[in-house]
Amino acid sequence: MPLLQVRGLTHYFGGLKAVANFNLDLEPGELVGIIGPNGAGKTTVFNLITGVYRPTEGQILLDGHNLVGLQPHAITNKGIARTFQTIRLFKDLSVLDNVRIACYSQVRYSPLAAFLHTQRFREEERQTREEALRLLDIFNLRRYAQAQAKNLPYGEQRRLEIARALATRPRLLLLDEPAAGMNPGEIQRLMELIQWLRREFQLTIILIEHQMRVVMGICERIQVLDFGETIAEGKPKEIQNHPRVLEAYLGKGVA
Amino acid sequence: MRFIIQQTLNALQLGSVYALIALGYTMVYGILRMINFAHGDIFMVSTYLGFFVASFLLGWALHLPMAVIFVLTLLLAMFGTSLLAVFIERVAYKPLRQAPRISAVITALGVGLFLENFTLATIGPEPRILPQVVPVINFNIGGVAVSSIQILILAISALVMFILDTIVRRTMTGMAMRAISFDKTVVPLMGIPVDRIISITFALGSSMAAVGGVLYGIAYMMDPYMGIRIGWWAFISAVVGGIGNIRGAMIGGYILGFVEIFVAAFLPSTYRDFVAFALLLLLLVFKPTGILGMPVVEQKV
């Protein structure tokens, strides 16, 4: 059974059709790319899947269960996590706390237990702390654990966003332009990291990306959006030479 | 010297009440960037709740020990006031969360007026005093008069503020409160139920006000208008301390307590509000974010 099924997803902003009849089936473990020019509706698709927006029409099924109408926190707790196109860390919190806070749904202690510093409180705090530190280790961020998130270099902030997303223990990870603003060396390492994470955490991944090198390099399938419509889908090779894709990116007459 | 110590005690007593109420203003502002102008009237309602609970328990002729009656009064007033505040948030503020902030602030003013006039219409304007639930014992320490009520107010205020501060600092819920003030869109995507955190914030803030309300009712007279006057002083406390900052609200409360008592002690009492507001204005000129406040950076959505 597919992990995620999106059927006829349509979303309007006022009279503007941002996403039109978007369909996607994701098998567990797949890595699918969504590309398209600016304003094509890619991030809107992520906002619809994660419940930030409620779709005008369409269905989103995770393990066959409908997600439409659920609140974002409930969707996250069902196993969908994401990063953001523009970095949205909790800037004034420490790097460690940025990851720790994403463990929210895993703690069960009561406020009273916290005040009395009970065994259970200490045990749960120790566990979330260790989990957060383990994630920071994976992303090579442990030495910054106590620094404020806003003081991290740009590339590290991008990696911290992924670490924070993983702390919610997702099965499906949505990455929104993770390579934006990175230099070629960083991009290479990011590609390796994404593939390693997929294996290590048994993730299914949807990747929005402008860097063709990334999308063509690691995605098994690609879906191309333009003005909210899906204009092409297929393997990276097929997409590269698809006439409508070239037209959308480069304009008419080129293809 | 004795006079100064005496007045200091009085200032700490009044400051405790201001600090307890200021916490509610500051916590709600911290999470929603909204000033809950109904909070003073929520405090007023809590005092009346305490009044009714205490009268009921005493009239019930169960011959409960006074300490039990006092603790029950405090807990039930906290519980009832929390329910009221959470209800108000759900009904009056939540539908306006996407609206411009001024809409929620004006609604809060309306809710405050409603509570005040409702109390006025149902209970009446005459001042009341909480039935005696604490034995009054006066001590004389080196010529300074200290009453059991004074000691109780100082001790209980310090205790509940310590508990609140610890809980907010230690728990994930406290961290979530800080996170929501930075970015309300991202927090739910970390699996955190924002609505619940907001309800908890209102519940905690209003139960602090209820502790203040019951303690106030033990020491002073209550009337339906007290929410405005005391509420304003508590609000100024929160601003002086740095609105949004919990420890700031506590410090601000005690500062305002000192200002009120000492102005009244040395100057004509009509100077009281004038001096308090002059101090507030001066402070805001030199430290616009208050004593412990951080500069507020507008977040982009």
# chains A, B, ... in the order shown; residues from 1 in each chain; ligands from 1
>>> residues_around(residues="range 104-119 of chain A", least_positions_apart="5", cutoff="7 Å", atoms="only C-alpha atoms", output="list of chain:residue names")
A:Glu124, B:Ile163, B:Thr166, B:Ile167, B:Arg170, B:Thr171, B:Met172, B:Gly191, B:Ile192
>>> select_by_dssp(residues="range 108-287 of chain B", states="strand (DSSP E)", output="CSV table (one decimal) with C-alpha atoms, in the first residue's frame")
chain,number,residue,atom,x,y,z
B,138,ASN,CA,-0.8,40.4,65.5
B,139,PHE,CA,2.8,40.2,66.3
B,140,ASN,CA,4.9,43.1,67.5
B,141,ILE,CA,8.5,42.7,66.4
B,144,VAL,CA,6.8,46.8,63.9
B,145,ALA,CA,3.3,45.4,63.6
B,146,VAL,CA,3.1,42.2,61.6
B,147,SER,CA,-0.1,40.3,61.2
>>> interface_residues(of="chain A", to="chain B", cutoff="10 Å", atoms="only C-alpha atoms", output="number ranges by chain")
A: 50-52, 71-84, 88-93, 97-117, 121, 125, 164-168
>>> closest_residue(among="A:Lys150, A:Pro37, A:Tyr53, A:Thr10", to="Leu250 in chain A", atoms="only C-alpha atoms")
A:Pro37
>>> residues_around(residues="Leu204 in chain B", least_positions_apart="2", cutoff="9 Å", atoms="only C-alpha atoms", output="PDB file with C-alpha atoms, in the first residue's frame")
ATOM      1  CA  LEU B  23       1.904  37.486  35.547  1.00  0.00           C
ATOM      2  CA  GLY B  24      -1.348  36.936  33.647  1.00  0.00           C
ATOM      3  CA  MET B  27       2.155  35.453  29.970  1.00  0.00           C
ATOM      4  CA  MET B  78      -8.047  29.156  41.065  1.00  0.00           C
ATOM      5  CA  SER B  82      -9.036  29.265  35.098  1.00  0.00           C
ATOM      6  CA  LEU B 164       5.051  28.903  38.262  1.00  0.00           C
ATOM      7  CA  SER B 199      -5.342  27.430  27.027  1.00  0.00           C
ATOM      8  CA  ILE B 200      -2.693  26.365  29.553  1.00  0.00           C
ATOM      9  CA  THR B 201      -1.235  29.870  29.430  1.00  0.00           C
ATOM     10  CA  PHE B 202      -4.601  31.471  30.159  1.00  0.00           C
ATOM     11  CA  SER B 206      -5.636  33.475  35.662  1.00  0.00           C
ATOM     12  CA  SER B 207      -4.990  31.067  38.518  1.00  0.00           C
ATOM     13  CA  MET B 208      -2.140  33.351  39.594  1.00  0.00           C
ATOM     14  CA  ALA B 209      -4.645  36.223  39.492  1.00  0.00           C
TER      15      ALA B 209
END
>>> residues_around(residues="Asn245 in chain B", least_positions_apart="3", cutoff="7 Å", atoms="only C-alpha atoms", output="PyMOL selection string")
chain B and resi 26+242+248-249+292-293
>>> closest_residue(among="A:Leu173, A:Leu9, A:Leu152, A:Ala147", to="Asn21 in chain A", atoms="only C-alpha atoms")
A:Leu9
>>> residues_around(residues="Arg229 in chain B", least_positions_apart="6", cutoff="10 Å", atoms="only C-alpha atoms", output="number ranges by chain")
B: 40-41, 235
>>> write_last_selection(atoms="C-alpha atoms", output="short mmCIF file (atom, residue, chain, number, x, y, z; two decimals), in the first residue's frame")
data_model
loop_
_atom_site.label_atom_id
_atom_site.label_comp_id
_atom_site.auth_asym_id
_atom_site.auth_seq_id
_atom_site.Cartn_x
_atom_site.Cartn_y
_atom_site.Cartn_z
CA GLY B 40 -8.09 42.91 35.79
CA ASP B 41 -11.76 42.01 35.81
CA PHE B 235 -0.63 46.06 33.93
#
>>> select_by_dssp(residues="range 31-195 of chain A", states="helix (DSSP H, G or I)", output="PyMOL selection string")
chain A and resi 42-49+72-77+95-106+111-116+119-138+142-144+149-151+154-167+184-195
>>> residues_around(residues="range 278-283 of chain B", least_positions_apart="5", cutoff="8 Å", atoms="only C-alpha atoms", output="PyMOL selection string")
chain B and resi 236+240+288+290
>>> closest_residue(among="B:Met1, B:Leu20, B:Val133, B:Ile197", to="Leu64 in chain B", atoms="only C-alpha atoms")
B:Val133
>>> residues_around(residues="Gly29 in chain A", least_positions_apart="5", cutoff="8 Å", atoms="only C-alpha atoms", output="compact mmCIF listing (two decimals) with C-alpha atoms, in the first residue's frame")
# COMPACT_ATOMS: atom_id res chain seq x y z
CA ARG A 198 16.69 7.94 3.92
CA GLN A 202 13.77 4.53 6.71
CA LEU A 203 12.29 7.72 5.35
CA THR A 204 10.13 8.48 2.41
CA ILE A 205 11.08 11.90 1.07
>>> closest_residue(among="B:Phe266, B:Tyr48, B:Tyr29, B:Phe277", to="Thr119 in chain B", atoms="only C-alpha atoms")
B:Tyr48
